[in-house]
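Asker: target_20.cif is reproduced in full below (mmCIF, C-alpha atoms).
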```
data_data
loop_
_atom_site.label_atom_id
_atom_site.label_comp_id
_atom_site.auth_asym_id
_atom_site.auth_seq_id
_atom_site.Cartn_x
_atom_site.Cartn_y
_atom_site.Cartn_z
CA MET N 1 118.81 88.89 79.60
CA SER N 2 117.26 91.26 82.13
CA ASP N 3 113.91 90.46 83.67
CA PHE N 4 112.39 93.58 82.10
CA VAL N 5 113.50 92.62 78.57
CA HIS N 6 112.24 89.07 79.11
CA SER N 7 108.86 90.39 80.30
CA LEU N 8 108.69 92.77 77.35
CA ARG N 9 109.26 89.91 74.92
CA LEU N 10 106.45 87.98 76.58
CA TRP N 11 104.06 90.84 75.76
CA PHE N 12 104.25 89.79 72.13
CA ALA N 13 104.74 86.05 72.61
CA PRO N 14 102.58 85.07 75.60
CA GLN N 15 102.69 81.38 74.61
CA ARG N 16 106.33 81.41 75.83
CA ILE N 17 105.07 81.88 79.39
CA GLN N 18 104.06 78.21 79.27
CA GLU N 19 107.75 77.31 79.16
CA GLU N 20 108.15 78.47 82.76
CA GLY N 21 107.16 76.54 85.85
CA GLU N 22 103.93 74.63 86.20
CA THR N 23 100.48 75.43 84.88
CA PRO N 24 98.46 77.11 87.65
CA ASP N 25 94.81 76.42 88.36
CA TYR N 26 92.97 77.92 85.38
CA ARG N 27 90.78 79.99 87.72
CA PHE N 28 93.84 82.01 88.77
CA SER N 29 94.82 82.63 85.15
CA LEU N 30 91.27 83.72 84.36
CA ALA N 31 91.25 86.04 87.39
CA ASN N 32 94.54 87.50 86.16
CA GLU N 33 92.95 88.09 82.75
CA ARG N 34 89.92 89.80 84.35
CA THR N 35 92.29 92.08 86.24
CA PHE N 36 94.05 92.87 82.96
CA LEU N 37 90.71 93.79 81.38
CA ALA N 38 89.82 95.98 84.36
CA TRP N 39 93.10 97.88 83.90
CA LEU N 40 92.24 98.35 80.21
CA ARG N 41 88.77 99.66 81.08
CA THR N 42 90.41 102.12 83.45
CA ALA N 43 92.83 103.18 80.71
CA LEU N 44 89.95 103.75 78.28
CA ALA N 45 88.06 105.78 80.87
CA LEU N 46 91.11 107.97 81.52
CA ILE N 47 91.62 108.52 77.79
CA GLY N 48 87.94 109.36 77.36
CA GLY N 49 88.18 111.77 80.29
CA GLY N 50 91.19 113.45 78.72
CA PHE N 51 89.33 114.00 75.47
CA ALA N 52 86.26 115.23 77.35
CA VAL N 53 88.33 117.82 79.24
CA ALA N 54 89.94 118.98 76.00
CA GLN N 55 86.58 119.29 74.21
CA PHE N 56 84.11 120.40 76.87
CA LEU N 57 86.05 122.94 78.91
CA PRO N 58 86.72 125.55 76.21
CA ASP N 59 86.40 128.50 78.62
CA LEU N 60 89.53 127.46 80.50
CA PRO N 61 92.84 128.93 79.41
CA TRP N 62 94.55 126.67 76.92
CA GLY N 63 97.42 125.76 79.29
CA VAL N 64 95.11 124.63 82.10
CA ARG N 65 92.83 122.68 79.77
CA ALA N 66 95.75 121.07 77.94
CA GLY N 67 97.50 120.24 81.22
CA MET N 68 94.47 118.46 82.64
CA ALA N 69 93.74 116.68 79.35
CA LEU N 70 97.35 115.57 78.88
CA GLY N 71 97.50 114.38 82.48
CA LEU N 72 94.49 112.13 81.94
CA LEU N 73 95.63 110.98 78.50
CA GLY N 74 99.11 110.20 79.81
CA ALA N 75 97.66 108.28 82.75
CA GLY N 76 95.53 106.29 80.30
CA VAL N 77 98.53 105.40 78.16
CA LEU N 78 100.57 104.35 81.20
CA CYS N 79 97.65 102.36 82.56
CA ALA N 80 97.27 100.43 79.30
CA LEU N 81 100.98 99.63 79.19
CA ARG N 82 101.00 98.69 82.85
CA ALA N 83 98.06 96.34 82.29
CA VAL N 84 99.97 94.01 79.99
CA ASN N 85 103.13 94.24 82.08
CA HIS N 86 101.21 93.35 85.24
CA TRP N 87 99.45 90.46 83.50
CA VAL N 88 102.78 88.96 82.36
CA ARG N 89 104.44 89.43 85.74
CA CYS N 90 101.54 87.82 87.61
CA GLU N 91 101.24 84.93 85.18
CA ARG N 92 104.97 84.20 85.51
CA ALA N 93 104.81 84.40 89.30
CA MET N 94 101.87 81.99 89.44
CA ARG N 95 103.64 79.51 87.17
CA ARG N 96 106.77 79.65 89.34
CA GLY N 97 104.87 79.45 92.62
CA ALA N 98 106.32 82.82 93.66
CA ASP N 99 104.68 85.74 95.45
CA LEU N 100 102.65 88.00 93.22
CA PRO N 101 104.52 91.17 92.25
CA VAL N 102 103.88 94.39 94.10
CA SER N 103 103.76 97.78 92.44
CA ARG N 104 103.57 101.48 93.25
CA PHE N 105 101.71 102.17 90.03
CA PRO N 106 98.18 102.10 91.53
CA THR N 107 99.25 104.73 94.07
CA LEU N 108 100.84 106.94 91.41
CA LEU N 109 97.81 106.59 89.14
CA SER N 110 95.47 107.47 92.02
CA LEU N 111 97.51 110.56 92.86
CA ALA N 112 97.54 111.75 89.23
CA VAL N 113 93.78 111.32 88.92
CA ALA N 114 93.25 113.02 92.29
CA VAL N 115 95.29 116.06 91.22
CA VAL N 116 93.32 116.46 87.99
CA ALA N 117 90.05 115.95 89.89
CA ALA N 118 91.05 118.58 92.48
CA VAL N 119 91.73 121.09 89.72
CA MET N 120 88.33 120.28 88.20
CA VAL N 121 86.64 120.75 91.58
CA VAL N 122 88.23 124.19 91.92
CA VAL N 123 87.07 125.11 88.42
CA VAL N 124 83.51 123.95 89.12
CA LEU N 125 83.26 125.58 92.55
CA PHE N 126 84.84 128.92 91.70
CA GLY N 127 84.19 129.06 87.99
CA TRP N 128 86.66 130.37 85.51
CA GLU N 129 86.42 133.58 83.62
CA GLY N 130 87.54 132.82 80.07
CA ARG N 131 89.30 136.09 79.29
#
```
Please, can you express the file's structure as structure tokens?
Answerer:
Amino acid sequence: MSDFVHSLRLWFAPQRIQEEGETPDYRFSLANERTFLAWLRTALALIGGGFAVAQFLPDLPWGVRAGMALGLLGAGVLCALRAVNHWVRCERAMRRGADLPVSRFPTLLSLAVAVVAAVMVVVVLFGWEGR
């Protein structure tokens, strides 16, 4: 079974993680859980931002408003999914005594948010004539 499929199964059966390796110091597991919750807070903020853009920027053309809103909503969905995946991968690594996994996701998420923020800055600075 591929590592991805195994990790995906652990999303829904986290007790099976205990079958691997040795139990790490509980402080590391709790820190991993706090990181998971921080990712979820970020996901909720991105989703809230997407809804705010969709609702509170009615003067923008539909395509621009929908593009920014969908970008934020999509980033929120990906962030929520990445949170549980990252939690499982880190928990497994700690139990095995392996290096913690690295990821490009934080960089990609930062770039997506930066692009949407740059568009918003342009809209605020130069205004937008809703014609």
Asker: Pick from N:Gly49, N:Pro106, N:Gly97, N:Pro24: nearest to Gly74 (chain N), with all atoms listed in the file counted?
Answerer: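 Between N:Gly49, N:Pro106, N:Gly97, N:Pro24, the residue approaching Gly74 (chain N) most closely is N:Gly49.
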Asker: If I take CA of Arg27 (chain N) and CA of Asn85 (chain N), how far is one from the other in Å, to one decimal?
Answerer: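 Atom-to-atom, CA of Arg27 (chain N) and CA of Asn85 (chain N) are spaced 19.7 Å apart.
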Asker: How big is the axis-aligned box around the listed atoms of region 102-114 of chain N once 6 Å is added on each side, and where is its centre? Give both in Å to one decimal, as AutoDock Vina command-line options.
Answerer:
```
--center_x 98.6 --center_y 103.7 --center_z 91.5 --size_x 22.6 --size_y 30.6 --size_z 17.2
```
Asker: Hey, can you check how far CA of Arg95 (chain N) sits from CA of Leu78 (chain N)?
Answerer: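 According to the coordinates, CA of Arg95 (chain N) and CA of Leu78 (chain N) are separated by 25.7 Å.
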Asker: Ranking N:Phe56, N:Ala75, N:Val121, N:Gln15 by minimum distance to Leu44 (chain N) and counting only C-alpha atoms, which one comes first?
Answerer: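 The shortest atom-to-atom distance to Leu44 (chain N) comes from N:Ala75.
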Asker: Evaluate the PyMOL selection byres ((chain N and resi 33-36) around 8) on the structure here and hand back the selected residues as a PyMOL selection string.
Answerer: chain N and resi 29-32+37-40+83-84+86-87
Asker: Using the chain letters and residue numbers of this document, give as a PyMOL selection string the residues selected by the PyMOL selection byres ((chain N and resi 6) around 12).
Answerer: chain N and resi 1-5+7-14+16-17+20+85+88-89+92
